[in-house]
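> As input, take input_18.tsv (TSV, C-alpha atoms):
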chain	number	residue	atom	x	y	z
I	1	PRO	CA	1.71	-40.22	52.09
I	2	ALA	CA	-1.93	-40.27	50.96
I	3	LEU	CA	-2.82	-43.05	48.55
I	4	THR	CA	-4.08	-41.96	45.16
I	5	ILE	CA	-5.87	-44.22	42.79
I	6	PRO	CA	-6.39	-43.98	39.02
I	7	HIS	CA	-9.43	-42.03	37.90
I	8	GLY	CA	-10.75	-45.19	36.29
I	9	TYR	CA	-12.00	-46.29	39.71
I	10	CYS	CA	-14.28	-43.26	39.76
I	11	LEU	CA	-15.69	-44.49	36.49
I	12	SER	CA	-16.10	-48.01	37.91
I	13	TRP	CA	-13.95	-49.23	35.03
I	14	GLN	CA	-17.04	-49.40	32.86
I	15	SER	CA	-15.77	-50.07	29.38
I	16	GLY	CA	-18.41	-47.92	27.64
I	17	LEU	CA	-17.84	-44.99	30.00
I	18	LEU	CA	-14.09	-45.34	29.68
I	19	ALA	CA	-14.32	-45.41	25.91
I	20	LEU	CA	-16.51	-42.29	25.93
I	21	HIS	CA	-14.04	-40.33	28.06
I	22	VAL	CA	-10.94	-41.55	26.26
I	23	LEU	CA	-12.26	-41.04	22.74
I	24	SER	CA	-13.77	-37.66	23.55
I	25	ASN	CA	-10.57	-36.39	25.15
I	26	ALA	CA	-8.48	-37.85	22.32
I	27	LEU	CA	-10.59	-36.09	19.66
I	28	ILE	CA	-10.45	-32.82	21.60
I	29	ASP	CA	-6.71	-33.28	21.95
I	30	LEU	CA	-6.21	-33.86	18.23
I	31	SER	CA	-8.38	-30.86	17.39
I	32	TYR	CA	-6.45	-28.65	19.79
I	33	ILE	CA	-3.20	-29.75	18.18
I	34	ALA	CA	-4.55	-29.09	14.66
I	35	ILE	CA	-5.62	-25.54	15.52
I	36	PRO	CA	-2.10	-24.23	16.37
I	37	ILE	CA	-0.75	-25.90	13.22
I	38	THR	CA	-3.39	-24.06	11.19
I	39	ILE	CA	-2.50	-20.81	12.95
I	40	TYR	CA	1.17	-21.37	12.14
I	41	VAL	CA	0.43	-21.97	8.45
I	42	PHE	CA	-1.79	-18.87	8.37
I	43	LEU	CA	0.88	-16.69	9.99
I	44	ARG	CA	3.51	-17.99	7.58
I	45	GLN	CA	1.35	-16.99	4.62
I	46	LYS	CA	-0.12	-13.69	5.88
I	47	HIS	CA	2.29	-12.40	8.51
I	48	GLN	CA	3.07	-9.19	6.59
I	49	TYR	CA	-0.60	-8.15	6.59
I	50	LEU	CA	-1.34	-8.75	10.28
I	51	ILE	CA	-1.16	-6.61	13.38
I	52	GLY	CA	-0.97	-8.09	16.85
I	53	LYS	CA	0.64	-11.28	15.58
I	54	HIS	CA	1.74	-12.13	19.12
I	55	LEU	CA	-1.93	-12.68	20.01
I	56	PHE	CA	-2.06	-15.56	17.52
I	57	TRP	CA	0.94	-17.15	19.18
I	58	MET	CA	-0.58	-16.65	22.62
I	59	PHE	CA	-3.78	-18.32	21.44
I	60	ALA	CA	-1.71	-21.16	20.01
I	61	ALA	CA	0.08	-21.59	23.35
I	62	PHE	CA	-3.24	-21.50	25.20
I	63	ILE	CA	-4.75	-24.14	22.91
I	64	ILE	CA	-1.69	-26.40	23.23
I	65	ALA	CA	-1.89	-26.09	27.02
I	66	CYS	CA	-5.57	-27.05	26.85
I	67	ALA	CA	-4.63	-30.05	24.70
I	68	MET	CA	-2.18	-31.18	27.39
I	69	THR	CA	-4.91	-31.06	30.04
I	70	HIS	CA	-7.08	-33.37	27.93
I	71	SER	CA	-4.11	-35.67	27.39
I	72	MET	CA	-3.65	-35.88	31.15
I	73	ASP	CA	-7.37	-36.63	31.57
I	74	VAL	CA	-6.69	-39.79	29.58
I	75	VAL	CA	-3.45	-40.61	31.41
I	76	VAL	CA	-4.92	-40.37	34.93
I	77	ILE	CA	-7.62	-42.87	34.07
I	78	TRP	CA	-4.95	-45.58	34.47
I	79	ASN	CA	-2.09	-43.70	36.17
I	80	PRO	CA	-2.74	-41.41	39.14
I	81	HIS	CA	-0.29	-38.67	38.12
I	82	TYR	CA	-2.43	-35.98	39.68
I	83	TRP	CA	0.49	-33.75	40.65
I	84	LEU	CA	1.63	-33.66	37.04
I	85	GLN	CA	-1.94	-33.02	35.98
I	86	GLY	CA	-2.14	-30.21	38.53
I	87	PHE	CA	1.05	-28.57	37.24
I	88	ILE	CA	-0.25	-28.74	33.69
I	89	LEU	CA	-3.54	-27.21	34.81
I	90	ALA	CA	-1.59	-24.45	36.58
I	91	ILE	CA	0.44	-23.76	33.44
I	92	THR	CA	-2.78	-23.70	31.40
I	93	ALA	CA	-4.31	-21.28	33.89
I	94	LEU	CA	-1.34	-18.90	33.65
I	95	VAL	CA	-1.27	-19.02	29.85
I	96	SER	CA	-5.05	-18.51	29.73
I	97	LEU	CA	-4.85	-15.57	32.11
I	98	ALA	CA	-2.00	-13.94	30.16
I	99	THR	CA	-3.88	-14.41	26.88
I	100	ALA	CA	-7.08	-12.93	28.34
I	101	ILE	CA	-5.22	-9.92	29.76
I	102	GLU	CA	-3.32	-9.24	26.52
I	103	LEU	CA	-6.51	-9.63	24.48
I	104	ALA	CA	-8.26	-7.08	26.69
I	105	ARG	CA	-5.27	-4.75	26.41
I	106	GLN	CA	-5.25	-5.00	22.60
I	107	MET	CA	-9.03	-4.75	22.22
I	108	PRO	CA	-9.13	-0.95	21.57
I	109	LYS	CA	-6.69	-1.39	18.67
I	110	LEU	CA	-8.56	-4.41	17.34
I	111	LEU	CA	-11.87	-2.53	17.43
I	112	GLN	CA	-10.33	0.12	15.18
I	113	LEU	CA	-9.66	-2.40	12.44
I	114	PRO	CA	-11.87	-1.84	9.40
I	115	THR	CA	-14.73	-4.21	8.76
I	116	VAL	CA	-15.06	-6.26	5.57
I	117	SER	CA	-17.73	-3.88	4.26
I	118	GLN	CA	-15.49	-0.88	4.97
I	119	LEU	CA	-12.59	-2.53	3.14
I	120	GLN	CA	-14.88	-3.35	0.22
I	121	ALA	CA	-16.03	0.28	0.10
I	122	VAL	CA	-12.42	1.49	0.08
I	123	ASN	CA	-11.53	-1.00	-2.64
I	124	GLN	CA	-14.47	0.21	-4.69
I	125	GLN	CA	-13.36	3.82	-4.29
I	126	LEU	CA	-9.81	2.89	-5.27
I	127	ALA	CA	-11.08	0.99	-8.30
I	128	GLU	CA	-13.10	4.03	-9.39
I	129	GLN	CA	-10.13	6.33	-8.85
I	130	ILE	CA	-7.87	4.02	-10.83
I	131	ALA	CA	-10.40	3.86	-13.68
I	132	GLN	CA	-10.70	7.66	-13.66
I	133	ARG	CA	-6.92	8.05	-13.62
I	134	GLU	CA	-6.55	5.63	-16.52
I	135	LYS	CA	-9.04	7.72	-18.52
I	136	LEU	CA	-7.12	10.91	-17.69
I	137	GLU	CA	-3.81	9.27	-18.57
I	138	LYS	CA	-5.25	8.16	-21.89
I	139	LYS	CA	-6.38	11.72	-22.61
I	140	LEU	CA	-3.00	13.08	-21.57
I	141	ARG	CA	-1.17	10.62	-23.80
I	142	LEU	CA	-3.41	11.60	-26.71
I	143	THR	CA	-2.82	15.29	-25.99
I	144	GLN	CA	0.92	14.74	-25.66
I	145	PHE	CA	1.00	12.79	-28.92
I	146	SER	CA	-0.99	15.51	-30.69
I	147	ILE	CA	1.41	18.22	-29.48
I	148	ASP	CA	4.56	16.24	-30.19
I	149	THR	CA	3.50	15.38	-33.74
I	150	ALA	CA	1.95	18.75	-34.62
I	151	SER	CA	3.35	20.42	-37.73
I	152	GLU	CA	3.32	23.81	-35.99
I	153	GLY	CA	6.00	24.68	-33.47
I	154	ILE	CA	4.70	24.60	-29.90
I	155	TYR	CA	6.63	25.45	-26.77
I	156	TRP	CA	5.94	26.48	-23.20
I	157	ILE	CA	7.89	29.26	-21.54
I	158	ARG	CA	8.34	30.20	-17.88
I	159	SER	CA	8.20	33.71	-16.49
I	160	ASP	CA	12.03	33.80	-16.54
I	161	ALA	CA	11.94	33.25	-20.35
I	162	SER	CA	13.33	29.71	-20.13
I	163	ILE	CA	11.82	27.09	-22.41
I	164	VAL	CA	10.08	24.36	-20.39
I	165	TYR	CA	8.81	22.19	-23.23
I	166	ALA	CA	8.85	22.19	-27.01
I	167	ASN	CA	7.80	19.83	-29.74
I	168	HIS	CA	10.02	18.69	-32.56
I	169	ALA	CA	8.51	21.17	-35.02
I	170	ALA	CA	9.59	24.09	-32.80
I	171	SER	CA	13.18	22.92	-32.51
I	172	SER	CA	13.59	21.77	-36.12
I	173	MET	CA	12.23	25.08	-37.40
I	174	LEU	CA	15.36	26.73	-35.98
I	175	ASP	CA	17.63	23.75	-36.81
I	176	TYR	CA	18.16	22.71	-33.17
I	177	GLU	CA	18.05	19.27	-31.66
I	178	LEU	CA	15.16	19.09	-29.20
I	179	ASP	CA	17.35	18.51	-26.13
I	180	GLU	CA	19.55	21.44	-27.13
I	181	PHE	CA	16.54	23.66	-27.78
I	182	LEU	CA	15.18	23.03	-24.27
I	183	THR	CA	18.32	24.56	-22.75
I	184	LEU	CA	17.72	27.93	-24.43
I	185	LYS	CA	15.96	31.08	-23.34
I	186	ILE	CA	13.85	33.38	-25.50
I	187	SER	CA	16.73	35.86	-25.67
I	188	ASP	CA	18.82	33.15	-27.37
I	189	ILE	CA	16.43	32.94	-30.31
I	190	ASN	CA	15.20	36.55	-30.24
I	191	PRO	CA	17.91	39.07	-29.26
I	192	ASN	CA	15.31	41.87	-29.27
I	193	HIS	CA	13.72	40.29	-26.16
I	194	SER	CA	15.88	41.83	-23.45
I	195	ASN	CA	15.09	41.14	-19.80
I	196	GLU	CA	13.18	44.43	-19.52
I	197	PHE	CA	11.24	43.76	-22.71
I	198	TRP	CA	10.42	40.21	-21.65
I	199	THR	CA	9.16	41.31	-18.22
I	200	ALA	CA	6.80	43.82	-19.83
I	201	HIS	CA	5.76	41.30	-22.48
I	202	TRP	CA	5.04	38.67	-19.82
I	203	GLN	CA	2.87	41.05	-17.80
I	204	ASP	CA	1.02	42.07	-20.97
I	205	LEU	CA	0.38	38.43	-21.86
I	206	LYS	CA	-0.68	37.68	-18.30
I	207	THR	CA	-3.24	40.48	-18.46
I	208	GLN	CA	-4.62	39.81	-21.94
I	209	LYS	CA	-4.30	35.99	-21.73
I	210	ASN	CA	-3.48	35.67	-25.45
I	211	LEU	CA	-1.52	37.64	-28.02
I	212	LYS	CA	-0.81	37.30	-31.74
I	213	PHE	CA	2.16	38.97	-33.39
I	214	GLU	CA	5.05	38.47	-35.79
I	215	THR	CA	8.67	38.64	-34.67
I	216	PRO	CA	12.09	37.77	-36.06
I	217	VAL	CA	13.69	34.65	-34.57
I	218	ARG	CA	17.28	33.49	-34.98
I	219	LYS	CA	18.13	30.04	-36.23
I	220	LYS	CA	21.07	28.04	-34.94
I	221	ASP	CA	23.25	29.19	-37.86
I	222	GLY	CA	22.54	32.86	-37.04
I	223	GLN	CA	20.07	33.54	-39.84
I	224	PHE	CA	16.77	35.21	-39.00
I	225	ILE	CA	13.31	34.19	-40.09
I	226	THR	CA	9.97	35.80	-39.36
I	227	ALA	CA	7.67	33.74	-37.14
I	228	ALA	CA	3.95	34.27	-36.58
I	229	ILE	CA	3.37	33.81	-32.85
I	230	ALA	CA	0.10	32.93	-31.08
I	231	ALA	CA	0.82	33.18	-27.35
I	232	ASN	CA	-1.54	31.98	-24.61
I	233	PHE	CA	-1.09	32.50	-20.88
I	234	VAL	CA	-1.77	29.38	-18.82
I	235	GLU	CA	-1.34	28.90	-15.05
I	236	TYR	CA	-1.04	25.44	-13.52
Could I get this structure in the form of structure tokens?


Amino acid sequence: PALTIPHGYCLSWQSGLLALHVLSNALIDLSYIAIPITIYVFLRQKHQYLIGKHLFWMFAAFIIACAMTHSMDVVVIWNPHYWLQGFILAITALVSLATAIELARQMPKLLQLPTVSQLQAVNQQLAEQIAQREKLEKKLRLTQFSIDTASEGIYWIRSDASIVYANHAASSMLDYELDEFLTLKISDINPNHSNEFWTAHWQDLKTQKNLKFETPVRKKDGQFITAAIAANFVEY
């Protein structure tokens, strides 16, 4: 078999040259080991926000393989394990090739990822929308409070004469609990409003948009009172 000698002979065993090679390879080795550790910590913290996480692991494997080649560069200075070094280089080559191929394959998807400026623009739009929505919600709460606490009875009615919403003044005027009042139809509180009458009344209101009239309404105990009605047609 052919005789192999340590790589240190190629460096003439010069102490300064040896130190340069050993220290440089050792620092590269340590750096290559630190990088995968950093990648691991990053993936542990942000894994739910990432796509293509396998690329990170492939890069980590590639960097570890590179670290092993630099470790062998130090080993072969004193020990001529060139076959082992060759196998490690071959493994590094395969890992590097696989990483390069997968990176190229994933590149179209990666290029579609938004830039920092695009994300900032989207965040700004969302912030503006949230601020606008908060203003609208504040107005709606104020409107809702005004309706709920109004001294006049207010209720909304569908085209089928069912009561969609009412404030407390509307239900208490007829001695109903609010939840009970919301289960009624107009015919329950005004027997004169038959289905035919209500259909004609609805079409009339739809055409004129608002009507004012007086009509008898029946309380929960069966007694009738006269109510002044101001009706407005609203579509939403």

> As an mmCIF file with C-alpha atoms, in the coordinates of the input, please: the residues near Ala61 of chain I (cut-off 9 Å, only C-alpha atoms, same-chain neighbours under 3 positions excluded).


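Okay, out_23.cif is ready:
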data_model
loop_
_atom_site.group_PDB
_atom_site.id
_atom_site.type_symbol
_atom_site.label_atom_id
_atom_site.label_comp_id
_atom_site.auth_asym_id
_atom_site.auth_seq_id
_atom_site.Cartn_x
_atom_site.Cartn_y
_atom_site.Cartn_z
ATOM 1 C CA PRO I 36 -2.100 -24.230 16.370
ATOM 2 C CA PHE I 56 -2.060 -15.560 17.520
ATOM 3 C CA TRP I 57 0.940 -17.150 19.180
ATOM 4 C CA MET I 58 -0.580 -16.650 22.620
ATOM 5 C CA ILE I 64 -1.690 -26.400 23.230
ATOM 6 C CA ALA I 65 -1.890 -26.090 27.020
ATOM 7 C CA CYS I 66 -5.570 -27.050 26.850
ATOM 8 C CA THR I 92 -2.780 -23.700 31.400
ATOM 9 C CA VAL I 95 -1.270 -19.020 29.850
ATOM 10 C CA SER I 96 -5.050 -18.510 29.730
ATOM 11 C CA THR I 99 -3.880 -14.410 26.880
#

> Just the residues within 12 Å of Gln223 of chain I, please, counting all atoms listed in the file, with nothing from its chain fewer than 6 positions along; format it as a list in words.

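Non-adjacent residues within range: Met173, Leu174, Asp175, Ile189, Asn190, Pro216 and Val217 of chain I.
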
> When you draw a straight line from atom CA of Gly8 of chain I to atom CA of Val76 of chain I, how long is it in Å?

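Distance reported for this atom pair: 7.7 Å.
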
> One decimal, in Å: what's the spacing between atom CA of Leu211 of chain I and atom CA of Ala231 of chain I?

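Between atom CA of Leu211 of chain I and atom CA of Ala231 of chain I the gap works out to 5.1 Å.
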
> Show me, as a PDB file with C-alpha atoms, in the frame of the given file, the residues that have an atom within 10 Å of Asn25 of chain I when counting only C-alpha atoms, minus same-chain residues fewer than 6 positions from it.


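Below is the file that was written, selection.pdb:
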ATOM      1  CA  ALA I  19     -14.320 -45.410  25.910  1.00  0.00           C
ATOM      2  CA  SER I  31      -8.380 -30.860  17.390  1.00  0.00           C
ATOM      3  CA  ALA I  67      -4.630 -30.050  24.700  1.00  0.00           C
ATOM      4  CA  THR I  69      -4.910 -31.060  30.040  1.00  0.00           C
ATOM      5  CA  HIS I  70      -7.080 -33.370  27.930  1.00  0.00           C
ATOM      6  CA  SER I  71      -4.110 -35.670  27.390  1.00  0.00           C
ATOM      7  CA  MET I  72      -3.650 -35.880  31.150  1.00  0.00           C
ATOM      8  CA  ASP I  73      -7.370 -36.630  31.570  1.00  0.00           C
ATOM      9  CA  VAL I  74      -6.690 -39.790  29.580  1.00  0.00           C
TER      10      VAL I  74
END

> Quick one: what's the axis-aligned box for segment 222-233 of chain I, all listed atoms, 5 Å on every side, centre and edges in Å to one decimal, as JSON?


{"center_x": 10.5, "center_y": 33.9, "center_z": -30.5, "size_x": 34.1, "size_y": 13.8, "size_z": 29.2}

> Could you check the closest approach to Trp156 of chain I for each of I:Ala90, I:Ala131, I:His54, I:Ile186 and tell me which residue wins, using all atoms listed in the file?

I:Ile186

> Interatomic distance between atom CA of Gln124 of chain I and atom CA of Phe42 of chain I?

26.4 Å

> Please identify all polymer residues within 10 Å of Val234 of chain I, counting all atoms listed in the file, omitting same-chain residues fewer than 2 positions from it, and present them as an NGL selection string.

:I and (156 or 205-206 or 209-210 or 231-232 or 236)

> How would the residues just chosen look if you wrote them out with C-alpha atoms as a PDB file, in the coordinates of the input?


ATOM      1  CA  TRP I 156       5.940  26.480 -23.200  1.00  0.00           C
ATOM      2  CA  LEU I 205       0.380  38.430 -21.860  1.00  0.00           C
ATOM      3  CA  LYS I 206      -0.680  37.680 -18.300  1.00  0.00           C
ATOM      4  CA  LYS I 209      -4.300  35.990 -21.730  1.00  0.00           C
ATOM      5  CA  ASN I 210      -3.480  35.670 -25.450  1.00  0.00           C
ATOM      6  CA  ALA I 231       0.820  33.180 -27.350  1.00  0.00           C
ATOM      7  CA  ASN I 232      -1.540  31.980 -24.610  1.00  0.00           C
ATOM      8  CA  TYR I 236      -1.040  25.440 -13.520  1.00  0.00           C
TER       9      TYR I 236
END

> Of the candidates I:Glu137, I:Lys220, I:Glu196, I:Arg105, which one gets nearest to Ser171 of chain I if we count all atoms listed in the file?

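Among the listed residues, I:Lys220 lies closest to Ser171 of chain I.
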
> Can you work out which one of I:Leu184, I:Ala169, I:Ala26, I:Ala100 has the shortest atom-to-atom distance to Ser146 of chain I, counting all atoms listed in the file?

I:Ala169

> For Ile147 of chain I, find every residue with an atom within 12 Å (counting all atoms listed in the file), except residues of its own chain fewer than 2 positions away, and show them as an MDAnalysis selection string.

chainID I and resid 140:145 149:156 165:170
